[in-house]
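Enquirer: What follows is input03.pdb; its format and atoms are PDB, C-alpha atoms, pLDDT in the B column.
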ATOM      1  CA  MET A  25     128.479  92.771   7.703  1.00 53.00           C
ATOM      2  CA  SER A  26     131.892  93.423   6.166  1.00 57.00           C
ATOM      3  CA  GLY A  27     135.149  93.096   8.093  1.00 57.00           C
ATOM      4  CA  SER A  28     135.737  96.855   8.229  1.00 66.00           C
ATOM      5  CA  SER A  29     132.236  97.639   9.544  1.00 71.00           C
ATOM      6  CA  LEU A  30     132.539  94.841  12.133  1.00 68.00           C
ATOM      7  CA  PHE A  31     135.872  96.291  13.268  1.00 69.00           C
ATOM      8  CA  ALA A  32     134.363  99.790  13.459  1.00 72.00           C
ATOM      9  CA  THR A  33     131.455  98.457  15.528  1.00 72.00           C
ATOM     10  CA  MET A  34     133.812  96.615  17.888  1.00 71.00           C
ATOM     11  CA  ARG A  35     135.935  99.748  18.379  1.00 73.00           C
ATOM     12  CA  LYS A  36     132.876 101.619  19.668  1.00 75.00           C
ATOM     13  CA  ARG A  37     132.182  99.069  22.405  1.00 75.00           C
ATOM     14  CA  SER A  38     132.932 100.386  25.890  1.00 76.00           C
ATOM     15  CA  ASP A  39     133.902  96.891  27.057  1.00 75.00           C
ATOM     16  CA  LEU A  40     136.407  96.257  24.256  1.00 79.00           C
ATOM     17  CA  GLY A  41     139.380  96.728  26.603  1.00 82.00           C
ATOM     18  CA  ALA A  42     138.063  94.142  29.061  1.00 82.00           C
ATOM     19  CA  ILE A  43     137.397  91.662  26.230  1.00 83.00           C
ATOM     20  CA  LEU A  44     140.920  92.097  24.831  1.00 87.00           C
ATOM     21  CA  ILE A  45     142.573  91.759  28.258  1.00 90.00           C
ATOM     22  CA  ALA A  46     140.550  88.623  29.086  1.00 86.00           C
ATOM     23  CA  THR A  47     141.436  87.107  25.701  1.00 87.00           C
ATOM     24  CA  ALA A  48     145.138  87.956  26.143  1.00 91.00           C
ATOM     25  CA  LEU A  49     145.211  86.422  29.640  1.00 89.00           C
ATOM     26  CA  PHE A  50     143.468  83.277  28.387  1.00 84.00           C
ATOM     27  CA  ILE A  51     146.070  82.898  25.607  1.00 88.00           C
ATOM     28  CA  LEU A  52     148.943  83.640  28.019  1.00 91.00           C
ATOM     29  CA  TYR A  53     147.827  81.035  30.552  1.00 85.00           C
ATOM     30  CA  THR A  54     147.225  78.486  27.807  1.00 84.00           C
ATOM     31  CA  VAL A  55     150.715  78.983  26.362  1.00 87.00           C
ATOM     32  CA  ALA A  56     152.356  78.990  29.811  1.00 87.00           C
ATOM     33  CA  ASP A  57     150.641  75.797  31.008  1.00 83.00           C
ATOM     34  CA  PRO A  58     148.744  74.080  28.175  1.00 76.00           C
ATOM     35  CA  GLY A  59     148.347  70.760  29.974  1.00 77.00           C
ATOM     36  CA  GLY A  60     147.162  72.302  33.231  1.00 76.00           C
ATOM     37  CA  PHE A  61     145.090  75.280  32.116  1.00 78.00           C
ATOM     38  CA  PHE A  62     143.589  74.440  28.735  1.00 77.00           C
ATOM     39  CA  THR A  63     141.630  71.393  29.881  1.00 80.00           C
ATOM     40  CA  TRP A  64     137.920  70.599  29.874  1.00 79.00           C
ATOM     41  CA  PHE A  65     137.878  70.739  33.689  1.00 80.00           C
ATOM     42  CA  THR A  66     139.321  74.263  33.766  1.00 80.00           C
ATOM     43  CA  ILE A  67     137.139  75.581  30.945  1.00 80.00           C
ATOM     44  CA  ASN A  68     134.066  74.018  32.560  1.00 79.00           C
ATOM     45  CA  ASN A  69     134.900  75.689  35.900  1.00 80.00           C
ATOM     46  CA  ILE A  70     135.455  79.081  34.255  1.00 82.00           C
ATOM     47  CA  VAL A  71     132.142  78.848  32.391  1.00 83.00           C
ATOM     48  CA  HIS A  72     130.299  77.634  35.500  1.00 81.00           C
ATOM     49  CA  PHE A  73     131.518  80.411  37.805  1.00 84.00           C
ATOM     50  CA  SER A  74     131.169  83.032  35.075  1.00 87.00           C
ATOM     51  CA  ALA A  75     127.527  81.998  34.692  1.00 87.00           C
ATOM     52  CA  ILE A  76     126.945  82.414  38.435  1.00 84.00           C
ATOM     53  CA  LEU A  77     128.504  85.895  38.389  1.00 88.00           C
ATOM     54  CA  ALA A  78     126.483  86.765  35.292  1.00 91.00           C
ATOM     55  CA  PHE A  79     123.256  86.302  37.282  1.00 89.00           C
ATOM     56  CA  VAL A  80     124.510  88.961  39.704  1.00 89.00           C
ATOM     57  CA  ALA A  81     125.535  91.142  36.746  1.00 90.00           C
ATOM     58  CA  ILE A  82     122.019  90.990  35.246  1.00 91.00           C
ATOM     59  CA  GLY A  83     120.552  92.441  38.437  1.00 88.00           C
ATOM     60  CA  GLN A  84     123.315  95.037  38.616  1.00 89.00           C
ATOM     61  CA  THR A  85     122.602  96.006  35.003  1.00 89.00           C
ATOM     62  CA  LEU A  86     119.049  97.009  35.903  1.00 87.00           C
ATOM     63  CA  LEU A  87     120.426  99.327  38.583  1.00 87.00           C
ATOM     64  CA  LEU A  88     123.034 100.825  36.282  1.00 88.00           C
ATOM     65  CA  ILE A  89     120.396 101.564  33.636  1.00 89.00           C
ATOM     66  CA  ALA A  90     118.488 103.438  36.352  1.00 86.00           C
ATOM     67  CA  ARG A  91     121.725 105.322  37.244  1.00 86.00           C
ATOM     68  CA  GLU A  92     122.090 103.629  40.598  1.00 87.00           C
ATOM     69  CA  ILE A  93     124.636 101.119  41.903  1.00 88.00           C
ATOM     70  CA  ASP A  94     124.770  98.344  44.477  1.00 91.00           C
ATOM     71  CA  LEU A  95     128.199  97.689  45.965  1.00 91.00           C
ATOM     72  CA  SER A  96     126.866  95.088  48.402  1.00 92.00           C
ATOM     73  CA  VAL A  97     125.896  92.414  45.864  1.00 91.00           C
ATOM     74  CA  GLY A  98     129.016  90.324  46.514  1.00 90.00           C
ATOM     75  CA  SER A  99     128.481  90.338  50.262  1.00 92.00           C
ATOM     76  CA  VAL A 100     124.760  89.589  49.932  1.00 93.00           C
ATOM     77  CA  TYR A 101     125.612  86.752  47.533  1.00 90.00           C
ATOM     78  CA  GLY A 102     128.098  85.353  50.054  1.00 90.00           C
ATOM     79  CA  LEU A 103     125.660  85.784  52.945  1.00 92.00           C
ATOM     80  CA  ALA A 104     122.966  83.942  50.982  1.00 91.00           C
ATOM     81  CA  GLY A 105     125.355  81.071  50.224  1.00 88.00           C
ATOM     82  CA  ILE A 106     126.548  80.702  53.817  1.00 89.00           C
ATOM     83  CA  GLY A 107     122.983  81.138  55.060  1.00 89.00           C
ATOM     84  CA  LEU A 108     121.723  78.372  52.789  1.00 89.00           C
ATOM     85  CA  ILE A 109     124.365  75.937  54.023  1.00 88.00           C
ATOM     86  CA  LEU A 110     123.819  76.713  57.710  1.00 88.00           C
ATOM     87  CA  ILE A 111     120.012  76.966  57.630  1.00 89.00           C
ATOM     88  CA  GLU A 112     119.676  73.792  55.523  1.00 87.00           C
ATOM     89  CA  ARG A 113     121.034  71.748  58.429  1.00 85.00           C
ATOM     90  CA  GLU A 114     118.085  72.831  60.559  1.00 86.00           C
ATOM     91  CA  VAL A 115     115.128  72.990  58.159  1.00 89.00           C
ATOM     92  CA  GLY A 116     116.069  71.166  54.938  1.00 85.00           C
ATOM     93  CA  VAL A 117     116.871  72.354  51.414  1.00 86.00           C
ATOM     94  CA  ILE A 118     113.561  73.775  50.154  1.00 89.00           C
ATOM     95  CA  PRO A 119     112.699  75.833  53.276  1.00 90.00           C
ATOM     96  CA  ALA A 120     116.315  77.045  53.434  1.00 90.00           C
ATOM     97  CA  VAL A 121     116.184  78.235  49.814  1.00 91.00           C
ATOM     98  CA  VAL A 122     112.888  80.051  50.480  1.00 93.00           C
ATOM     99  CA  LEU A 123     114.233  81.686  53.658  1.00 94.00           C
ATOM    100  CA  VAL A 124     117.474  82.770  51.973  1.00 93.00           C
ATOM    101  CA  LEU A 125     115.627  84.273  48.997  1.00 93.00           C
ATOM    102  CA  LEU A 126     113.234  86.102  51.340  1.00 96.00           C
ATOM    103  CA  GLY A 127     116.215  87.376  53.340  1.00 95.00           C
ATOM    104  CA  ALA A 128     117.981  88.642  50.202  1.00 94.00           C
ATOM    105  CA  ALA A 129     114.748  90.297  49.036  1.00 94.00           C
ATOM    106  CA  ALA A 130     114.385  91.947  52.458  1.00 96.00           C
ATOM    107  CA  ILE A 131     117.914  93.336  52.168  1.00 95.00           C
ATOM    108  CA  GLY A 132     117.098  94.722  48.730  1.00 93.00           C
ATOM    109  CA  PHE A 133     113.866  96.223  50.054  1.00 95.00           C
ATOM    110  CA  LEU A 134     115.710  97.844  52.976  1.00 95.00           C
ATOM    111  CA  HIS A 135     118.261  99.383  50.610  1.00 94.00           C
ATOM    112  CA  ALA A 136     115.474 100.622  48.323  1.00 92.00           C
ATOM    113  CA  VAL A 137     113.685 102.295  51.242  1.00 95.00           C
ATOM    114  CA  LEU A 138     116.891 103.985  52.394  1.00 95.00           C
ATOM    115  CA  VAL A 139     117.650 105.244  48.880  1.00 93.00           C
ATOM    116  CA  LEU A 140     114.176 106.136  47.607  1.00 91.00           C
ATOM    117  CA  ARG A 141     112.419 107.214  50.805  1.00 92.00           C
ATOM    118  CA  ALA A 142     115.247 108.491  52.994  1.00 92.00           C
ATOM    119  CA  GLY A 143     117.079 110.046  50.035  1.00 90.00           C
ATOM    120  CA  LEU A 144     120.466 108.507  50.849  1.00 92.00           C
ATOM    121  CA  PRO A 145     122.926 107.867  47.968  1.00 92.00           C
ATOM    122  CA  SER A 146     122.832 104.239  46.804  1.00 91.00           C
ATOM    123  CA  MET A 147     126.636 104.100  46.819  1.00 92.00           C
ATOM    124  CA  ILE A 148     126.790 104.973  50.539  1.00 94.00           C
ATOM    125  CA  VAL A 149     123.923 102.669  51.536  1.00 94.00           C
ATOM    126  CA  THR A 150     125.301  99.667  49.679  1.00 93.00           C
ATOM    127  CA  LEU A 151     128.914 100.338  50.699  1.00 94.00           C
ATOM    128  CA  CYS A 152     127.814 100.221  54.338  1.00 94.00           C
ATOM    129  CA  GLY A 153     125.852  97.083  53.499  1.00 92.00           C
ATOM    130  CA  LEU A 154     128.938  95.515  51.925  1.00 93.00           C
ATOM    131  CA  PHE A 155     130.945  95.813  55.143  1.00 94.00           C
ATOM    132  CA  PHE A 156     128.028  94.900  57.413  1.00 94.00           C
ATOM    133  CA  TYR A 157     127.073  91.720  55.519  1.00 93.00           C
ATOM    134  CA  ARG A 158     130.698  90.676  55.148  1.00 92.00           C
ATOM    135  CA  GLY A 159     131.100  90.997  58.928  1.00 91.00           C
ATOM    136  CA  LEU A 160     127.863  89.075  59.423  1.00 91.00           C
ATOM    137  CA  ILE A 161     129.207  86.262  57.233  1.00 89.00           C
ATOM    138  CA  TYR A 162     132.363  86.055  59.341  1.00 87.00           C
ATOM    139  CA  PHE A 163     130.395  86.141  62.592  1.00 87.00           C
ATOM    140  CA  TRP A 164     127.795  83.589  61.447  1.00 83.00           C
ATOM    141  CA  SER A 165     130.274  81.114  59.936  1.00 81.00           C
ATOM    142  CA  GLY A 166     132.956  81.522  62.620  1.00 79.00           C
ATOM    143  CA  GLY A 167     135.499  82.385  59.935  1.00 75.00           C
ATOM    144  CA  SER A 168     135.377  78.980  58.219  1.00 76.00           C
ATOM    145  CA  ILE A 169     133.417  78.077  55.122  1.00 75.00           C
ATOM    146  CA  PRO A 170     131.307  74.942  55.603  1.00 75.00           C
ATOM    147  CA  SER A 171     130.123  72.802  52.741  1.00 78.00           C
ATOM    148  CA  LEU A 172     126.639  71.646  51.871  1.00 78.00           C
ATOM    149  CA  ALA A 173     125.766  68.298  53.448  1.00 77.00           C
ATOM    150  CA  ARG A 174     126.081  65.259  51.208  1.00 77.00           C
ATOM    151  CA  ASP A 175     122.386  64.387  51.510  1.00 81.00           C
ATOM    152  CA  ALA A 176     121.445  67.954  50.591  1.00 79.00           C
ATOM    153  CA  ARG A 177     123.537  67.729  47.413  1.00 77.00           C
ATOM    154  CA  ARG A 178     121.276  64.878  46.250  1.00 80.00           C
ATOM    155  CA  ASN A 179     118.141  67.022  46.593  1.00 80.00           C
ATOM    156  CA  TRP A 180     116.303  67.508  43.271  1.00 80.00           C
ATOM    157  CA  LEU A 181     116.476  71.303  43.522  1.00 82.00           C
ATOM    158  CA  VAL A 182     120.233  71.319  44.179  1.00 79.00           C
ATOM    159  CA  GLU A 183     120.790  68.909  41.298  1.00 79.00           C
ATOM    160  CA  THR A 184     118.561  71.004  39.019  1.00 77.00           C
ATOM    161  CA  LEU A 185     120.384  74.235  39.776  1.00 76.00           C
ATOM    162  CA  GLY A 186     123.884  72.822  40.184  1.00 73.00           C
ATOM    163  CA  GLY A 187     123.956  69.725  37.992  1.00 72.00           C
ATOM    164  CA  GLU A 188     124.676  69.111  34.328  1.00 72.00           C
ATOM    165  CA  TRP A 189     122.573  68.437  31.260  1.00 71.00           C
ATOM    166  CA  LEU A 190     124.290  66.791  28.279  1.00 65.00           C
ATOM    167  CA  GLY A 191     127.665  67.823  29.702  1.00 69.00           C
ATOM    168  CA  ILE A 192     126.634  71.483  30.011  1.00 72.00           C
ATOM    169  CA  GLU A 193     126.311  73.077  33.444  1.00 77.00           C
ATOM    170  CA  ASN A 194     122.686  73.813  34.309  1.00 79.00           C
ATOM    171  CA  ALA A 195     123.785  77.254  35.509  1.00 82.00           C
ATOM    172  CA  VAL A 196     124.754  78.100  31.919  1.00 84.00           C
ATOM    173  CA  VAL A 197     121.399  76.929  30.541  1.00 85.00           C
ATOM    174  CA  LEU A 198     119.509  78.864  33.234  1.00 87.00           C
ATOM    175  CA  LEU A 199     121.640  81.940  32.535  1.00 89.00           C
ATOM    176  CA  VAL A 200     120.785  81.876  28.831  1.00 89.00           C
ATOM    177  CA  VAL A 201     117.063  81.558  29.637  1.00 91.00           C
ATOM    178  CA  THR A 202     117.267  84.344  32.234  1.00 92.00           C
ATOM    179  CA  ALA A 203     119.216  86.640  29.894  1.00 92.00           C
ATOM    180  CA  LEU A 204     116.640  86.120  27.123  1.00 94.00           C
ATOM    181  CA  ILE A 205     113.786  86.897  29.529  1.00 94.00           C
ATOM    182  CA  PHE A 206     115.447  90.098  30.755  1.00 91.00           C
ATOM    183  CA  HIS A 207     116.314  91.097  27.182  1.00 90.00           C
ATOM    184  CA  PHE A 208     112.645  90.704  26.248  1.00 93.00           C
ATOM    185  CA  VAL A 209     111.505  92.678  29.307  1.00 90.00           C
ATOM    186  CA  LEU A 210     113.981  95.510  28.680  1.00 89.00           C
ATOM    187  CA  THR A 211     113.354  95.834  24.945  1.00 89.00           C
ATOM    188  CA  ARG A 212     109.717  94.800  24.486  1.00 88.00           C
ATOM    189  CA  GLN A 213     107.882  95.653  27.701  1.00 88.00           C
ATOM    190  CA  PRO A 214     106.708  98.978  29.208  1.00 89.00           C
ATOM    191  CA  PHE A 215     108.802  98.327  32.333  1.00 87.00           C
ATOM    192  CA  GLY A 216     111.978  98.250  30.221  1.00 85.00           C
ATOM    193  CA  ASN A 217     111.002 101.457  28.425  1.00 84.00           C
ATOM    194  CA  ARG A 218     110.352 103.222  31.734  1.00 85.00           C
ATOM    195  CA  LEU A 219     113.664 101.988  33.128  1.00 84.00           C
ATOM    196  CA  TYR A 220     115.615 103.316  30.146  1.00 83.00           C
ATOM    197  CA  ALA A 221     113.678 106.592  30.294  1.00 76.00           C
TER     198      ALA A 221
END
Transcribe the structure of this file into structure tokens.

Expert:
Amino acid sequence: MSGSSLFATMRKRSDLGAILIATALFILYTVADPGGFFTWFTINNIVHFSAILAFVAIGQTLLLIAREIDLSVGSVYGLAGIGLILIEREVGVIPAVVLVLLGAAAIGFLHAVLVLRAGLPSMIVTLCGLFFYRGLIYFWSGGSIPSLARDARRNWLVETLGGEWLGIENAVVLLVVTALIFHFVLTRQPFGNRLYA
């Protein structure tokens, strides 16, 4: 691909503005504080948290393809995180993970019923959910964010999902695998064709 055709392709991207702004901010922060910002620790943190948000974005992408939206994903994500920490103290890591995933799936199912069966707009349903789950987080946690117990951090599942492999965050590796799976499903499977249709 020649330079001119690459430039023409990039100009057609709807996310070009966001890419340019992110690049400009990265350069600005690096120039302003090269010793504090442009370090392996900072880059590793940015990549790690970007990978976590990308998992949420993959799910949101499926909704956007179907011309729907979920404004509550951030609150559900936060509720799941707080729930995992608080429930783990009572039942252990594995049961807590299962319960949190079932709870998040139940929230998604409830929203789907309200949108598909009751005919309510997804924006209204999930906006209400956003405020409700955010309030539930505050009520459940008492307004303070606890941390996962030290013993729980040594659990094999926590280390698998939150550890490192050859200096690369496992979240990044899992994101790449997940993105490839969803790309295959959306482009090579009947479900993906129906979703686009």

Enquirer: Record the distance separating CA of His72 (chain A) and CA of Leu95 (chain A), expressed in Å with one decimal.

Expert: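 Interatomic distance, CA of His72 (chain A) to CA of Leu95 (chain A): 22.7 Å.
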
Enquirer: For this file, the PyMOL selection byres ((chain A and resi 79-92) around 10) selects which residues, as a PDB file with C-alpha atoms, in the coordinates of the input?

Expert:
ATOM      1  CA  SER A  74     131.169  83.032  35.075  1.00 87.00           C
ATOM      2  CA  ALA A  75     127.527  81.998  34.692  1.00 87.00           C
ATOM      3  CA  ILE A  76     126.945  82.414  38.435  1.00 84.00           C
ATOM      4  CA  LEU A  77     128.504  85.895  38.389  1.00 88.00           C
ATOM      5  CA  ALA A  78     126.483  86.765  35.292  1.00 91.00           C
ATOM      6  CA  ILE A  93     124.636 101.119  41.903  1.00 88.00           C
ATOM      7  CA  ASP A  94     124.770  98.344  44.477  1.00 91.00           C
ATOM      8  CA  LEU A  95     128.199  97.689  45.965  1.00 91.00           C
ATOM      9  CA  VAL A  97     125.896  92.414  45.864  1.00 91.00           C
ATOM     10  CA  GLY A  98     129.016  90.324  46.514  1.00 90.00           C
ATOM     11  CA  TYR A 101     125.612  86.752  47.533  1.00 90.00           C
ATOM     12  CA  VAL A 139     117.650 105.244  48.880  1.00 93.00           C
ATOM     13  CA  PRO A 145     122.926 107.867  47.968  1.00 92.00           C
ATOM     14  CA  SER A 146     122.832 104.239  46.804  1.00 91.00           C
ATOM     15  CA  MET A 147     126.636 104.100  46.819  1.00 92.00           C
ATOM     16  CA  ALA A 195     123.785  77.254  35.509  1.00 82.00           C
ATOM     17  CA  VAL A 196     124.754  78.100  31.919  1.00 84.00           C
ATOM     18  CA  LEU A 198     119.509  78.864  33.234  1.00 87.00           C
ATOM     19  CA  LEU A 199     121.640  81.940  32.535  1.00 89.00           C
ATOM     20  CA  VAL A 200     120.785  81.876  28.831  1.00 89.00           C
ATOM     21  CA  THR A 202     117.267  84.344  32.234  1.00 92.00           C
ATOM     22  CA  ALA A 203     119.216  86.640  29.894  1.00 92.00           C
ATOM     23  CA  PHE A 206     115.447  90.098  30.755  1.00 91.00           C
ATOM     24  CA  HIS A 207     116.314  91.097  27.182  1.00 90.00           C
ATOM     25  CA  LEU A 210     113.981  95.510  28.680  1.00 89.00           C
ATOM     26  CA  GLY A 216     111.978  98.250  30.221  1.00 85.00           C
ATOM     27  CA  ARG A 218     110.352 103.222  31.734  1.00 85.00           C
ATOM     28  CA  LEU A 219     113.664 101.988  33.128  1.00 84.00           C
ATOM     29  CA  TYR A 220     115.615 103.316  30.146  1.00 83.00           C
ATOM     30  CA  ALA A 221     113.678 106.592  30.294  1.00 76.00           C
TER      31      ALA A 221
END

Enquirer: Determine, counting only C-alpha atoms, which protein, DNA and RNA residues have an atom within 9 Å of an atom of Ala173 (chain A); residues of the same chain fewer than 3 positions away are not included. Present the result as a ChimeraX atom specification.

Expert: /A:109,112-113,170,176-177

Enquirer: Applied to the shown file, which residues does the PyMOL selection byres ((chain A and resi 122-128) around 8) return, written as a list in words?

Expert: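 Against this file, the PyMOL selection byres ((chain A and resi 122-128) around 8) returns the residues Val100, Ala104, Gly107, Leu108, Ile118, Pro119, Ala120, Val121, Ala129, Ala130, Ile131 and Gly132 of chain A.
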
Enquirer: Rounded to one decimal, what separation in Å do you get between CA of Gly102 (chain A) and CA of Ile161 (chain A)?

Expert: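 So the answer is 7.3 Å.
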
Enquirer: With distances taken over only C-alpha atoms, which residue among A:Val197, A:Leu103, A:Ser96, A:Ile111 lies nearest Ile148 (chain A)?

Expert: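 Among the listed residues, the smallest separation from Ile148 (chain A) belongs to A:Ser96.
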
Enquirer: Could you tell me how far CA of Ser99 (chain A) lies from CA of Arg158 (chain A), in Å and to one decimal?

Expert: 5.4 Å
